[in-house]
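Engineer: Data: input09.cif, mmCIF, C-alpha atoms, pLDDT in the B column; chains and numbers go by the auth columns.
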```cif
data_entry
#
loop_
_atom_site.group_PDB
_atom_site.id
_atom_site.type_symbol
_atom_site.label_atom_id
_atom_site.label_comp_id
_atom_site.label_asym_id
_atom_site.label_seq_id
_atom_site.Cartn_x
_atom_site.Cartn_y
_atom_site.Cartn_z
_atom_site.B_iso_or_equiv
_atom_site.auth_seq_id
_atom_site.auth_asym_id
ATOM 1 C CA MET A 1 201.930 97.222 41.406 83.00 1 A
ATOM 2 C CA ILE A 2 200.013 94.875 39.123 93.00 2 A
ATOM 3 C CA GLU A 3 201.702 92.128 37.132 96.00 3 A
ATOM 4 C CA ILE A 4 200.613 92.197 33.484 97.00 4 A
ATOM 5 C CA LEU A 5 200.541 88.767 31.829 98.00 5 A
ATOM 6 C CA TYR A 6 199.045 89.766 28.458 98.00 6 A
ATOM 7 C CA GLU A 7 197.990 93.029 26.865 98.00 7 A
ATOM 8 C CA ASP A 8 196.769 94.255 23.503 97.00 8 A
ATOM 9 C CA ASN A 9 194.160 96.742 22.268 96.00 9 A
ATOM 10 C CA HIS A 10 191.305 94.365 23.112 97.00 10 A
ATOM 11 C CA LEU A 11 192.264 92.364 26.211 98.00 11 A
ATOM 12 C CA ILE A 12 194.425 92.625 29.298 98.00 12 A
ATOM 13 C CA ALA A 13 195.271 89.820 31.734 98.00 13 A
ATOM 14 C CA VAL A 14 196.947 90.216 35.100 98.00 14 A
ATOM 15 C CA ASN A 15 198.267 87.947 37.826 98.00 15 A
ATOM 16 C CA LYS A 16 195.780 88.385 40.652 97.00 16 A
ATOM 17 C CA ARG A 17 197.117 88.311 44.199 94.00 17 A
ATOM 18 C CA PRO A 18 195.131 86.169 46.649 92.00 18 A
ATOM 19 C CA SER A 19 194.107 89.201 48.702 87.00 19 A
ATOM 20 C CA ASP A 20 192.718 91.141 45.711 91.00 20 A
ATOM 21 C CA LEU A 21 189.040 91.666 45.043 92.00 21 A
ATOM 22 C CA SER A 22 188.369 90.938 41.372 91.00 22 A
ATOM 23 C CA GLN A 23 185.783 93.717 41.280 86.00 23 A
ATOM 24 C CA GLY A 24 184.626 96.376 43.708 75.00 24 A
ATOM 25 C CA ASP A 25 181.909 95.346 46.174 73.00 25 A
ATOM 26 C CA ASN A 26 180.081 96.710 49.217 70.00 26 A
ATOM 27 C CA THR A 27 183.147 96.261 51.454 72.00 27 A
ATOM 28 C CA GLY A 28 184.731 99.308 49.848 72.00 28 A
ATOM 29 C CA ASP A 29 188.088 97.528 49.759 78.00 29 A
ATOM 30 C CA PRO A 30 190.464 98.329 46.873 79.00 30 A
ATOM 31 C CA SER A 31 189.734 96.193 43.817 90.00 31 A
ATOM 32 C CA LEU A 32 191.810 94.845 40.974 94.00 32 A
ATOM 33 C CA ASP A 33 189.619 96.305 38.238 93.00 33 A
ATOM 34 C CA THR A 34 190.241 99.790 39.668 93.00 34 A
ATOM 35 C CA GLU A 35 194.007 99.185 39.655 94.00 35 A
ATOM 36 C CA VAL A 36 193.903 98.022 36.043 96.00 36 A
ATOM 37 C CA ARG A 37 191.890 101.083 34.975 94.00 37 A
ATOM 38 C CA LYS A 38 194.471 103.344 36.602 94.00 38 A
ATOM 39 C CA TYR A 39 197.272 101.458 34.836 95.00 39 A
ATOM 40 C CA ILE A 40 195.602 101.860 31.419 96.00 40 A
ATOM 41 C CA ALA A 41 194.817 105.530 32.011 94.00 41 A
ATOM 42 C CA ALA A 42 198.425 106.266 32.969 94.00 42 A
ATOM 43 C CA LYS A 43 200.085 104.176 30.247 93.00 43 A
ATOM 44 C CA TYR A 44 197.952 105.456 27.384 91.00 44 A
ATOM 45 C CA ASN A 45 197.280 108.945 28.774 90.00 45 A
ATOM 46 C CA LYS A 46 193.527 108.399 28.624 86.00 46 A
ATOM 47 C CA PRO A 47 191.381 111.189 30.073 80.00 47 A
ATOM 48 C CA GLY A 48 188.065 110.415 31.723 81.00 48 A
ATOM 49 C CA ASP A 49 186.644 106.995 32.443 87.00 49 A
ATOM 50 C CA VAL A 50 188.486 103.966 31.081 92.00 50 A
ATOM 51 C CA PHE A 51 186.325 101.129 29.794 95.00 51 A
ATOM 52 C CA LEU A 52 187.180 97.801 31.406 96.00 52 A
ATOM 53 C CA GLY A 53 185.002 94.707 31.395 96.00 53 A
ATOM 54 C CA LEU A 54 185.559 91.798 33.768 95.00 54 A
ATOM 55 C CA VAL A 55 185.385 88.597 31.710 96.00 55 A
ATOM 56 C CA HIS A 56 185.417 86.197 34.686 94.00 56 A
ATOM 57 C CA ARG A 57 185.990 86.299 38.439 92.00 57 A
ATOM 58 C CA LEU A 58 188.303 84.587 40.888 95.00 58 A
ATOM 59 C CA ASP A 59 187.399 84.125 44.534 93.00 59 A
ATOM 60 C CA ARG A 60 189.167 86.624 46.782 93.00 60 A
ATOM 61 C CA PRO A 61 191.572 84.085 48.409 95.00 61 A
ATOM 62 C CA VAL A 62 192.524 82.655 44.984 97.00 62 A
ATOM 63 C CA GLY A 63 195.391 83.976 42.846 96.00 63 A
ATOM 64 C CA GLY A 64 196.365 83.632 39.209 97.00 64 A
ATOM 65 C CA VAL A 65 195.290 84.630 35.706 98.00 65 A
ATOM 66 C CA ILE A 66 192.325 86.963 35.480 98.00 66 A
ATOM 67 C CA LEU A 67 191.161 88.456 32.188 98.00 67 A
ATOM 68 C CA PHE A 68 189.617 91.832 31.402 98.00 68 A
ATOM 69 C CA ALA A 69 188.282 93.251 28.136 98.00 69 A
ATOM 70 C CA ARG A 70 189.348 96.721 27.015 97.00 70 A
ATOM 71 C CA THR A 71 186.428 97.254 24.607 96.00 71 A
ATOM 72 C CA SER A 72 182.727 96.443 24.736 96.00 72 A
ATOM 73 C CA LYS A 73 183.072 94.348 21.562 97.00 73 A
ATOM 74 C CA ALA A 74 185.843 92.244 23.074 97.00 74 A
ATOM 75 C CA LEU A 75 183.813 91.832 26.269 97.00 75 A
ATOM 76 C CA ALA A 76 180.722 90.599 24.407 98.00 76 A
ATOM 77 C CA ARG A 77 182.778 88.139 22.356 97.00 77 A
ATOM 78 C CA MET A 78 184.742 86.846 25.364 98.00 78 A
ATOM 79 C CA ASN A 79 181.506 86.399 27.321 97.00 79 A
ATOM 80 C CA GLU A 80 180.242 84.198 24.501 97.00 80 A
ATOM 81 C CA ILE A 81 183.505 82.235 24.396 97.00 81 A
ATOM 82 C CA PHE A 82 183.183 81.518 28.120 95.00 82 A
ATOM 83 C CA ARG A 83 179.464 80.710 27.841 94.00 83 A
ATOM 84 C CA SER A 84 180.084 78.235 25.025 94.00 84 A
ATOM 85 C CA ARG A 85 183.034 76.713 26.941 93.00 85 A
ATOM 86 C CA GLU A 86 185.518 77.440 24.168 96.00 86 A
ATOM 87 C CA VAL A 87 188.174 78.329 26.713 97.00 87 A
ATOM 88 C CA LYS A 88 190.531 75.965 28.531 98.00 88 A
ATOM 89 C CA LYS A 89 190.835 76.924 32.193 97.00 89 A
ATOM 90 C CA THR A 90 193.625 75.220 34.132 98.00 90 A
ATOM 91 C CA TYR A 91 194.086 75.541 37.887 98.00 91 A
ATOM 92 C CA LEU A 92 196.568 74.200 40.419 98.00 92 A
ATOM 93 C CA ALA A 93 195.374 73.057 43.834 98.00 93 A
ATOM 94 C CA ILE A 94 197.365 71.834 46.814 98.00 94 A
ATOM 95 C CA VAL A 95 195.524 69.313 48.978 98.00 95 A
ATOM 96 C CA GLY A 96 196.491 67.318 52.034 97.00 96 A
ATOM 97 C CA GLU A 97 194.824 64.050 51.047 97.00 97 A
ATOM 98 C CA ARG A 98 195.443 61.865 48.033 97.00 98 A
ATOM 99 C CA PRO A 99 192.509 61.722 45.606 97.00 99 A
ATOM 100 C CA PRO A 100 190.979 58.290 45.011 93.00 100 A
ATOM 101 C CA ASP A 101 192.497 58.098 41.515 96.00 101 A
ATOM 102 C CA VAL A 102 195.663 59.435 39.876 97.00 102 A
ATOM 103 C CA GLU A 103 193.404 61.234 37.423 97.00 103 A
ATOM 104 C CA GLY A 104 189.686 61.452 36.992 97.00 104 A
ATOM 105 C CA GLU A 105 186.608 63.490 36.161 98.00 105 A
ATOM 106 C CA LEU A 106 184.124 64.797 38.703 98.00 106 A
ATOM 107 C CA THR A 107 180.520 65.597 37.815 98.00 107 A
ATOM 108 C CA HIS A 108 178.110 66.884 40.431 98.00 108 A
ATOM 109 C CA TYR A 109 175.162 69.202 40.859 98.00 109 A
ATOM 110 C CA LEU A 110 175.989 72.381 42.759 98.00 110 A
ATOM 111 C CA LYS A 111 173.647 74.705 44.605 98.00 111 A
ATOM 112 C CA LYS A 112 174.750 78.029 46.041 97.00 112 A
ATOM 113 C CA ASN A 113 173.534 79.157 49.441 96.00 113 A
ATOM 114 C CA GLU A 114 173.512 82.936 49.117 93.00 114 A
ATOM 115 C CA ALA A 115 173.182 83.605 52.842 93.00 115 A
ATOM 116 C CA ARG A 116 176.273 81.549 53.692 94.00 116 A
ATOM 117 C CA ASN A 117 178.168 82.268 50.461 94.00 117 A
ATOM 118 C CA LYS A 118 178.794 78.547 50.158 97.00 118 A
ATOM 119 C CA THR A 119 178.118 75.917 47.518 98.00 119 A
ATOM 120 C CA TYR A 120 176.612 72.529 48.343 98.00 120 A
ATOM 121 C CA VAL A 121 177.284 69.437 46.265 98.00 121 A
ATOM 122 C CA TYR A 122 174.781 66.761 45.219 98.00 122 A
ATOM 123 C CA ASP A 123 175.157 63.558 43.234 97.00 123 A
ATOM 124 C CA GLN A 124 171.753 64.047 41.637 97.00 124 A
ATOM 125 C CA GLU A 125 169.967 67.135 40.390 97.00 125 A
ATOM 126 C CA VAL A 126 167.997 69.028 43.018 96.00 126 A
ATOM 127 C CA LYS A 127 165.844 72.125 42.726 96.00 127 A
ATOM 128 C CA GLY A 128 168.024 75.153 41.996 96.00 128 A
ATOM 129 C CA SER A 129 171.173 73.148 41.329 97.00 129 A
ATOM 130 C CA LYS A 130 173.437 73.389 38.287 97.00 130 A
ATOM 131 C CA LYS A 131 175.506 70.646 36.702 97.00 131 A
ATOM 132 C CA ALA A 132 179.268 71.057 37.119 97.00 132 A
ATOM 133 C CA SER A 133 182.233 69.055 35.892 98.00 133 A
ATOM 134 C CA LEU A 134 186.007 69.160 36.105 98.00 134 A
ATOM 135 C CA SER A 135 188.900 66.838 35.459 98.00 135 A
ATOM 136 C CA TYR A 136 192.014 66.483 37.581 98.00 136 A
ATOM 137 C CA ARG A 137 195.329 64.701 37.713 98.00 137 A
ATOM 138 C CA ILE A 138 197.971 64.389 40.392 98.00 138 A
ATOM 139 C CA ALA A 139 200.804 66.578 39.069 97.00 139 A
ATOM 140 C CA GLY A 140 203.191 66.289 42.014 96.00 140 A
ATOM 141 C CA ARG A 141 203.574 65.374 45.648 95.00 141 A
ATOM 142 C CA SER A 142 205.693 66.287 48.644 94.00 142 A
ATOM 143 C CA ASP A 143 205.992 64.520 51.965 92.00 143 A
ATOM 144 C CA ARG A 144 202.771 66.182 53.181 94.00 144 A
ATOM 145 C CA PHE A 145 200.840 67.449 50.172 97.00 145 A
ATOM 146 C CA TYR A 146 199.594 66.629 46.699 97.00 146 A
ATOM 147 C CA LEU A 147 199.510 69.060 43.789 98.00 147 A
ATOM 148 C CA LEU A 148 196.504 68.645 41.512 98.00 148 A
ATOM 149 C CA GLU A 149 196.191 70.080 38.024 98.00 149 A
ATOM 150 C CA VAL A 150 192.521 70.826 37.452 98.00 150 A
ATOM 151 C CA GLU A 151 190.801 71.592 34.174 98.00 151 A
ATOM 152 C CA LEU A 152 187.518 73.338 34.758 96.00 152 A
ATOM 153 C CA HIS A 153 184.728 72.408 32.334 95.00 153 A
ATOM 154 C CA SER A 154 182.116 74.740 33.821 92.00 154 A
ATOM 155 C CA GLY A 155 182.260 77.891 35.882 91.00 155 A
ATOM 156 C CA ARG A 156 180.108 77.454 38.979 95.00 156 A
ATOM 157 C CA HIS A 157 180.405 79.282 42.285 96.00 157 A
ATOM 158 C CA HIS A 158 183.274 77.798 44.377 97.00 158 A
ATOM 159 C CA GLN A 159 183.215 74.812 42.031 98.00 159 A
ATOM 160 C CA ILE A 160 186.743 73.448 42.458 98.00 160 A
ATOM 161 C CA ARG A 161 186.716 74.070 46.204 98.00 161 A
ATOM 162 C CA ALA A 162 183.384 72.330 46.718 98.00 162 A
ATOM 163 C CA GLN A 163 183.963 69.379 44.382 98.00 163 A
ATOM 164 C CA LEU A 164 187.442 68.572 45.726 98.00 164 A
ATOM 165 C CA ALA A 165 186.139 68.768 49.287 98.00 165 A
ATOM 166 C CA THR A 166 183.390 66.319 48.380 98.00 166 A
ATOM 167 C CA ILE A 167 185.962 63.646 47.463 98.00 167 A
ATOM 168 C CA GLY A 168 187.831 64.231 50.723 98.00 168 A
ATOM 169 C CA CYS A 169 190.451 66.606 49.314 98.00 169 A
ATOM 170 C CA PRO A 170 189.705 70.143 50.540 98.00 170 A
ATOM 171 C CA VAL A 171 192.139 72.774 49.272 98.00 171 A
ATOM 172 C CA LYS A 172 194.868 73.664 51.761 98.00 172 A
ATOM 173 C CA GLY A 173 193.801 76.650 53.847 97.00 173 A
ATOM 174 C CA ASP A 174 190.139 76.498 52.810 98.00 174 A
ATOM 175 C CA LEU A 175 188.322 76.467 56.155 97.00 175 A
ATOM 176 C CA LYS A 176 184.953 77.032 54.477 97.00 176 A
ATOM 177 C CA TYR A 177 185.184 73.660 52.751 98.00 177 A
ATOM 178 C CA GLY A 178 186.704 71.610 55.515 97.00 178 A
ATOM 179 C CA TYR A 179 190.465 72.094 55.591 98.00 179 A
ATOM 180 C CA PRO A 180 191.444 72.059 59.284 96.00 180 A
ATOM 181 C CA ARG A 181 193.826 75.043 59.300 96.00 181 A
ATOM 182 C CA SER A 182 193.960 78.403 57.570 96.00 182 A
ATOM 183 C CA ASN A 183 196.987 79.740 55.713 95.00 183 A
ATOM 184 C CA ASP A 184 198.852 82.502 57.516 92.00 184 A
ATOM 185 C CA ASP A 185 198.141 85.051 54.771 90.00 185 A
ATOM 186 C CA GLY A 186 194.445 84.222 54.451 91.00 186 A
ATOM 187 C CA SER A 187 194.872 82.693 50.996 94.00 187 A
ATOM 188 C CA ILE A 188 193.897 79.210 49.937 97.00 188 A
ATOM 189 C CA CYS A 189 196.202 77.031 47.827 97.00 189 A
ATOM 190 C CA LEU A 190 194.153 77.279 44.654 98.00 190 A
ATOM 191 C CA PHE A 191 195.726 79.068 41.695 98.00 191 A
ATOM 192 C CA ALA A 192 194.416 79.953 38.238 98.00 192 A
ATOM 193 C CA ARG A 193 197.426 78.774 36.242 98.00 193 A
ATOM 194 C CA SER A 194 196.376 79.430 32.620 98.00 194 A
ATOM 195 C CA LEU A 195 193.711 80.388 30.098 98.00 195 A
ATOM 196 C CA GLU A 196 193.710 79.195 26.503 98.00 196 A
ATOM 197 C CA PHE A 197 191.295 80.454 23.834 98.00 197 A
ATOM 198 C CA ILE A 198 190.972 81.863 20.324 98.00 198 A
ATOM 199 C CA HIS A 199 191.363 85.642 20.372 98.00 199 A
ATOM 200 C CA PRO A 200 187.936 87.247 19.791 96.00 200 A
ATOM 201 C CA VAL A 201 189.269 89.762 17.238 95.00 201 A
ATOM 202 C CA LYS A 202 192.606 88.460 15.944 96.00 202 A
ATOM 203 C CA LYS A 203 191.309 84.875 15.669 96.00 203 A
ATOM 204 C CA GLU A 204 194.614 83.422 16.806 97.00 204 A
ATOM 205 C CA LYS A 205 195.305 81.013 19.644 98.00 205 A
ATOM 206 C CA ILE A 206 196.161 82.769 22.910 98.00 206 A
ATOM 207 C CA VAL A 207 197.726 81.036 25.910 98.00 207 A
ATOM 208 C CA ILE A 208 198.107 83.128 29.066 98.00 208 A
ATOM 209 C CA GLN A 209 200.007 81.539 31.935 98.00 209 A
ATOM 210 C CA ALA A 210 200.897 82.888 35.351 97.00 210 A
ATOM 211 C CA PRO A 211 204.166 81.948 37.077 95.00 211 A
ATOM 212 C CA MET A 212 203.935 79.571 40.021 93.00 212 A
ATOM 213 C CA PRO A 213 203.061 81.368 43.263 92.00 213 A
ATOM 214 C CA GLU A 214 205.653 82.237 45.855 86.00 214 A
ATOM 215 C CA GLY A 215 205.393 80.718 49.311 83.00 215 A
ATOM 216 C CA ASP A 216 206.749 77.854 51.341 81.00 216 A
ATOM 217 C CA VAL A 217 204.229 75.223 50.338 91.00 217 A
ATOM 218 C CA TRP A 218 204.366 76.058 46.605 94.00 218 A
ATOM 219 C CA LYS A 219 208.156 75.788 46.537 90.00 219 A
ATOM 220 C CA PHE A 220 207.907 71.991 46.582 87.00 220 A
ATOM 221 C CA PHE A 221 206.267 72.129 43.161 91.00 221 A
ATOM 222 C CA ARG A 222 208.234 74.910 41.424 80.00 222 A
ATOM 223 C CA ASP A 223 209.209 72.704 38.481 73.00 223 A
ATOM 224 C CA ILE A 224 205.631 71.809 37.520 69.00 224 A
#
```
What does the file become when written as structure tokens?
Structural biologist:
Amino acid sequence: MIEILYEDNHLIAVNKRPSDLSQGDNTGDPSLDTEVRKYIAAKYNKPGDVFLGLVHRLDRPVGGVILFARTSKALARMNEIFRSREVKKTYLAIVGERPPDVEGELTHYLKKNEARNKTYVYDQEVKGSKKASLSYRIAGRSDRFYLLEVELHSGRHHQIRAQLATIGCPVKGDLKYGYPRSNDDGSICLFARSLEFIHPVKKEKIVIQAPMPEGDVWKFFRDI
């Protein structure tokens, strides 16, 4: 079953589970876009292929708000909204180390290594790199962990994971970026909490927020 967070004639947003593929790939594993198409076809009794455009992606071990477009016009307009950075993207990340500041902004140059499916971080521009920035604040803490609220200002490959690791704060469970232990379920403690934007057709402010994840480590921060 998929959890619908927002739905109208133009857009549909769901709460992605950490194990879900955002979109089908060469693994052949079930994908979220296929599930959403089936949901639309059944709910609206649509014969044939259902149009569904993926507006943005979340890494497979990441959960939270993911947005799809139900029409080609909505997809084109949402793509432009994301390109022009007219969308507020807020994430939650659980880390084991305290960041150097209570709140701050990180700006780096990121370069993706396709062969390793990993992003490398540089302080200065290098050939093939792209500028990336985010801001963060410490939103909570437990006896072992810190909860960071992250606002993403660009949308680079593995951006939050790579930039937080660079300041000594890899996301809990993220072996690829230096956390020492994996999570039992294969997830990492990074969660797409909300999206905020002006609706591409209705021209009204839309805020889509996912409920806090379940799980032992997240329970310490349920009131955030």
Engineer: Report the residues retrieved by the PyMOL selection byres ((chain A and resi 199-206) around 9) from the displayed file, expressed as number ranges by chain.
Structural biologist: A: 10-11, 73-75, 77-78, 81, 195-198, 207-208
Engineer: Name all residues at most 8 Å from A:Pro100 (count only C-alpha atoms; drop same-chain ones fewer than 2 positions away) and give them as an MDAnalysis selection string.
Structural biologist: chainID A and resid 98 102 167
Engineer: Quick one: write out the picked residues with C-alpha atoms as a JSON list (two decimals), in the coordinates of the input?
Structural biologist:
```json
[["chain", "number", "residue", "atom", "x", "y", "z"],
["A", 98, "ARG", "CA", 195.44, 61.86, 48.03],
["A", 102, "VAL", "CA", 195.66, 59.44, 39.88],
["A", 167, "ILE", "CA", 185.96, 63.65, 47.46]]
```
Engineer: Mind listing as a VMD selection string all residues within 10 Å of (186.6, 101.0, 29.4), counting all atoms listed in the file?
Structural biologist: chain A and resid 37 40 to 41 48 to 53 68 to 72
Engineer: Spell out the residues picked by the PyMOL selection byres ((chain A and resi 115-119) around 9) here, as a PyMOL selection string.
Structural biologist: chain A and resi 110-114+120-121+156-159+161-162+176-177
Engineer: Taking all atoms listed in the file into account, which of A:Leu5, A:Leu21, A:Ala132, A:Ile94 comes nearest A:Ala210?
Structural biologist: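 Looking at the shortest contact to A:Ala210, the residue is A:Leu5.
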Engineer: Quick one, how far is atom CA of A:Lys172 from atom CA of A:Thr34?
Structural biologist: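 If I compute the distance from atom CA of A:Lys172 to atom CA of A:Thr34, I get 29.2 Å.
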Engineer: Assuming the chain letters and numbering stay as they are in my file, what does the PyMOL selection byres ((chain A and resi 85) around 12) actually select? List them as a VMD selection string.
Structural biologist: chain A and resid 78 to 84 86 to 89 133 151 to 155 195 to 198
Engineer: Which is closer to A:Glu105 than all the others in A:Lys130, A:Arg144, A:Leu92, A:Arg137, using all atoms listed in the file?
Structural biologist: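 Closest candidate: A:Arg137.
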Engineer: So which one's closest to A:Asp184, A:Gly96, A:Gly168, A:Pro47, A:Gly215? Using all atoms listed in the file, please.
Structural biologist: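 Residue with the minimum atom-to-atom distance to A:Asp184: A:Gly215.
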Engineer: Which residue, A:Val150, A:Ile12, A:Val95, A:Ile2, has the smallest gap to A:Ile188 when you use all atoms listed in the file?
Structural biologist: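 With all atoms listed in the file as the atom set, the closest residue is A:Val95.
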Engineer: Distance atom CA of A:Val55-atom CA of A:Glu3, one decimal place?
Structural biologist: 17.6 Å
Engineer: What does the structure give for the distance between atom CA of A:Tyr44 and atom CA of A:Leu58, in Å to one decimal?
Structural biologist: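 A separation of 26.7 Å between them.
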Engineer: Could you list as number ranges by chain every residue that has an atom within 9 Å of (202.0, 79.7, 38.3), using the file's coordinates and counting all atoms listed in the file?
Structural biologist: A: 64-65, 91-92, 191-194, 209-214, 222, 224
Engineer: Within 10 Å of A:Asp20, counting all atoms listed in the file, which residues show up once you throw out same-chain ones fewer than 5 positions away? Write them as a PyMOL selection string, please.
Structural biologist: chain A and resi 29-33+58-63
